[in-house]
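Engineer: First the structure, which I've put down as structure tokens, then a few questions once you've had a look.
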Amino acid sequence: VSTRSRHELDHRVSQTFLRHYDGCPRSGLLYAETREEQVKTVEMVRGAVAHAIYERGVNLMLEHGEPMVPPDLFKVLVDEALAEQHVPLSEHDFIREQAWRWATEWAIDVPSVAAVERLFTMKVDGWAVRCKVDYAEVLNGGQRVYVADYKTGRGAPRYEDIARKRPDRRLSPKSLQLVLYALALVYGRPVVVTKERCLNCASDPEHGVTDLCASCAGSGFVHVERPESDALAPRAQEIVAEFVYPAIENSEGRMLRRRTELTRIELDEYRESLRALIANVARSEQTGDWPAIVSDDACQICPAAARCPIPTDLREDRASIQTLEDLRAAAESYFVDQHRMRSRRAEIKAATERLAAGRLRYGADRVWEYGPVKVVREIPDKDALWAAVEAGRPVERAEYERVSETTPFLDRALSAEELEQEEADGA
Ligand code: SF4
């Protein structure tokens, strides 16, 4: 769906805008239009405080030339940050837990640290692409770059959602965010931001003078940005970019990470992809054509789904949950549907036995049937097994294992060969 709408971007786009535009150009427009009025959610506030805590932690390590910060000292920084910005008390324990995990694991290479919560700008065909890098190191005399983005929520995407497996088994990023950070470090320039007196008005709140000033909104101060002259790692050949989840413990009890790698050749190809993306943004801006494209990824984070030109019923349950009531209603109907589906499945299975001799062919290419026998191995009493391991006793897996066989009843699509065979058999 495409309905025309004008919006000037001033040849400047942020990483967040691009993330929305990339998934659905219309949601990019909605982000640009509603950015100023976006309400702060508790997740945003919690994320901002957690980022401030990690920034202080790294700065403390740099000040003392130490690769880690003692967790007990870090606790003081956490308390300070919580006192400086309001976060609901119900979130404090969660923030402390993730901060503790971060402090016990996060180690830096002091001389290599190149960016801590630092703004970057990158010129792309006359446009400025901006992003903020949480943490970066430049290693091996500039040949290698490491960049990390902290994710402070409770969920993490699957690897396949953010990366592709290369033939040499490397995981190469396909997440726009990770690619942008890598590009910013190699081709962008870090920006120095300073707070300076506003020269467009006479506002001086300390002395009770405030002007209706468009530049500083009467605060008397503006943030001035000055890009540095050089990129941080223009000669980098190898880039490691990862999402770091201090709030999530992996199966080994460690902080979850989603690590990806890029060669310089791959990065240069992504630079062309970014140029293509910017060319599309420029066209949308010129023509006013911001098409809406429905997808799970884009609609889940749509900044203003209520303004989507595609009616809710045509979006197939995407971005239909806007309020807490919608959410409760959706959770209840999901619960009921699940029960209904389970009973329906059981009925289909029984009826397939009774009426179709255990195999039901339906639709153009679908079949319900029993799959091959599957051997299921389970350890019902895992605690007993762990107790034996911890006590150093020799463990025979078979002693703890229960082996059973099942014939799963499955719904599946027939392969092209099976359909051909059916036709040959005159079915
Ligand atoms: S709801 Fe989905 S399709 Fe509609 S504008 Fe938002 S992201 Fe695009």
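Every chain in the structure tokens has a letter given in the order shown (A, B, ...), and although residue numbers restart at 1 in each chain, ligands are simply numbered from 1 in the order shown.
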Please write out the residues within 6 Å of ligand 1 as a count of residues only, counting only C-alpha atoms and all ligand atoms.

Structural biologist: 13

Engineer: Which polymer residues have any atom within 12 Å of an atom of Glu43 in chain A, counting only C-alpha atoms, with same-chain residues fewer than 3 positions away left out, as a count of residues only?

Structural biologist: 18

Engineer: Using only C-alpha atoms, which of A:Glu66, A:Pro303, A:Glu285, A:Val147 sits nearest Arg35 in chain A?

Structural biologist: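 The closest residue to Arg35 in chain A is A:Pro303.
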
Engineer: Residues of range 278-351 of chain A that have any atom at most 12 Å from an atom of range 114-135 of chain A: could you tabulate them with the shortest-distance atom pair and the distance in Å to one decimal, using only C-alpha atoms, ordered by chain and increasing number, as a tab-separated table?

Structural biologist:
```
residue	atom	partner	partner_atom	distance
A:Ile278	CA	A:Val124	CA	7.4
A:Ala279	CA	A:Asp125	CA	8.3
A:Asn280	CA	A:Asp125	CA	11.9
A:Val281	CA	A:Trp127	CA	10.1
A:Ala282	CA	A:Trp127	CA	8.9
```

Engineer: Restricting the calculation to only C-alpha atoms, which member of A:Gln85, A:Asn200, A:Trp106, A:Ala233 is positioned closest to Ala217 in chain A?

Structural biologist: A:Asn200

Engineer: I'd like to know which of A:Ala163, A:Ala364, A:Lys374, A:Val389 is closest to Leu419 in chain A, using only C-alpha atoms.

Structural biologist: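 Among the listed residues, the smallest separation from Leu419 in chain A belongs to A:Ala364.
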
Engineer: Using only C-alpha atoms, which residues sit within 12 Å of Lys165 in chain A once same-chain residues fewer than 4 positions away are excluded, as a list in words?

Structural biologist: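 Using only C-alpha atoms, the neighbours found are Tyr159, Glu160, Asp161, Arg169, Arg170, Leu171, Ser172, Pro173, Lys174, Arg259, Thr260, Glu261 and Leu262 of chain A.
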
Engineer: I'd like the neighbourhood of Glu369 in chain A as a list in words, where a residue qualifies if any of its atoms comes within 10 Å (using only C-alpha atoms), though same-chain residues fewer than 3 positions away should be ignored.

Structural biologist: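 Returned residues: Lys349, Thr352, Glu353, Ala356, Ala357, Gly358, Arg359, Leu360, Arg361, Arg366, Pro372, Thr407, Pro408, Phe409, Leu410, Asp411 and Arg412 of chain A.
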
Engineer: For the selection you just gave me, I'd like the residues written to a file as a PDB file, in the first residue's frame, keeping N, CA and C atoms.

Structural biologist:
```pdb
ATOM      1  N   LYS A 349      -6.782 -36.923  14.363  1.00  0.00           N
ATOM      2  CA  LYS A 349      -5.987 -38.155  14.441  1.00  0.00           C
ATOM      3  C   LYS A 349      -6.928 -39.369  14.572  1.00  0.00           C
ATOM      4  N   THR A 352      -8.877 -39.902  11.399  1.00  0.00           N
ATOM      5  CA  THR A 352      -8.042 -40.401  10.293  1.00  0.00           C
ATOM      6  C   THR A 352      -7.864 -41.918  10.427  1.00  0.00           C
ATOM      7  N   GLU A 353      -7.714 -42.377  11.655  1.00  0.00           N
ATOM      8  CA  GLU A 353      -7.628 -43.832  11.914  1.00  0.00           C
ATOM      9  C   GLU A 353      -8.935 -44.503  11.475  1.00  0.00           C
ATOM     10  N   ALA A 356      -9.982 -42.985   7.394  1.00  0.00           N
ATOM     11  CA  ALA A 356      -9.060 -42.890   6.251  1.00  0.00           C
ATOM     12  C   ALA A 356      -7.863 -43.829   6.404  1.00  0.00           C
ATOM     13  N   ALA A 357      -8.001 -44.866   7.158  1.00  0.00           N
ATOM     14  CA  ALA A 357      -6.965 -45.892   7.328  1.00  0.00           C
ATOM     15  C   ALA A 357      -5.620 -45.300   7.749  1.00  0.00           C
ATOM     16  N   GLY A 358      -5.626 -44.245   8.549  1.00  0.00           N
ATOM     17  CA  GLY A 358      -4.382 -43.707   9.113  1.00  0.00           C
ATOM     18  C   GLY A 358      -3.638 -42.743   8.209  1.00  0.00           C
ATOM     19  N   ARG A 359      -4.189 -42.427   7.017  1.00  0.00           N
ATOM     20  CA  ARG A 359      -3.513 -41.458   6.144  1.00  0.00           C
ATOM     21  C   ARG A 359      -4.556 -40.603   5.435  1.00  0.00           C
ATOM     22  N   LEU A 360      -4.491 -39.276   5.696  1.00  0.00           N
ATOM     23  CA  LEU A 360      -5.493 -38.390   5.109  1.00  0.00           C
ATOM     24  C   LEU A 360      -4.819 -37.446   4.117  1.00  0.00           C
ATOM     25  N   ARG A 361      -5.174 -37.630   2.852  1.00  0.00           N
ATOM     26  CA  ARG A 361      -4.656 -36.739   1.808  1.00  0.00           C
ATOM     27  C   ARG A 361      -5.670 -35.624   1.612  1.00  0.00           C
ATOM     28  N   ARG A 366      -1.222 -31.629   0.568  1.00  0.00           N
ATOM     29  CA  ARG A 366      -0.979 -31.859   1.997  1.00  0.00           C
ATOM     30  C   ARG A 366      -1.466 -33.220   2.443  1.00  0.00           C
ATOM     31  N   PRO A 372       7.948 -41.751  10.408  1.00  0.00           N
ATOM     32  CA  PRO A 372       8.738 -42.923  10.790  1.00  0.00           C
ATOM     33  C   PRO A 372       8.917 -43.000  12.312  1.00  0.00           C
ATOM     34  N   THR A 407       5.512 -42.981  17.108  1.00  0.00           N
ATOM     35  CA  THR A 407       5.252 -42.776  15.683  1.00  0.00           C
ATOM     36  C   THR A 407       4.459 -41.477  15.589  1.00  0.00           C
ATOM     37  N   PRO A 408       5.146 -40.354  15.321  1.00  0.00           N
ATOM     38  CA  PRO A 408       4.459 -39.055  15.344  1.00  0.00           C
ATOM     39  C   PRO A 408       3.425 -38.932  14.217  1.00  0.00           C
ATOM     40  N   PHE A 409       2.287 -38.374  14.561  1.00  0.00           N
ATOM     41  CA  PHE A 409       1.228 -38.122  13.581  1.00  0.00           C
ATOM     42  C   PHE A 409       1.414 -36.685  13.086  1.00  0.00           C
ATOM     43  N   LEU A 410       1.719 -36.528  11.783  1.00  0.00           N
ATOM     44  CA  LEU A 410       2.168 -35.219  11.285  1.00  0.00           C
ATOM     45  C   LEU A 410       1.334 -34.692  10.130  1.00  0.00           C
ATOM     46  N   ASP A 411       1.282 -33.384  10.046  1.00  0.00           N
ATOM     47  CA  ASP A 411       0.688 -32.706   8.885  1.00  0.00           C
ATOM     48  C   ASP A 411       1.853 -32.146   8.095  1.00  0.00           C
ATOM     49  N   ARG A 412       1.956 -32.484   6.809  1.00  0.00           N
ATOM     50  CA  ARG A 412       3.106 -31.978   6.040  1.00  0.00           C
ATOM     51  C   ARG A 412       2.721 -31.770   4.568  1.00  0.00           C
TER      52      ARG A 412
END
```

Engineer: Calculate how many Å separate CA of Glu37 in chain A from CA of Pro205 in chain A, rounding to one decimal.

Structural biologist: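 For CA of Glu37 in chain A relative to CA of Pro205 in chain A, the distance reads 24.9 Å.
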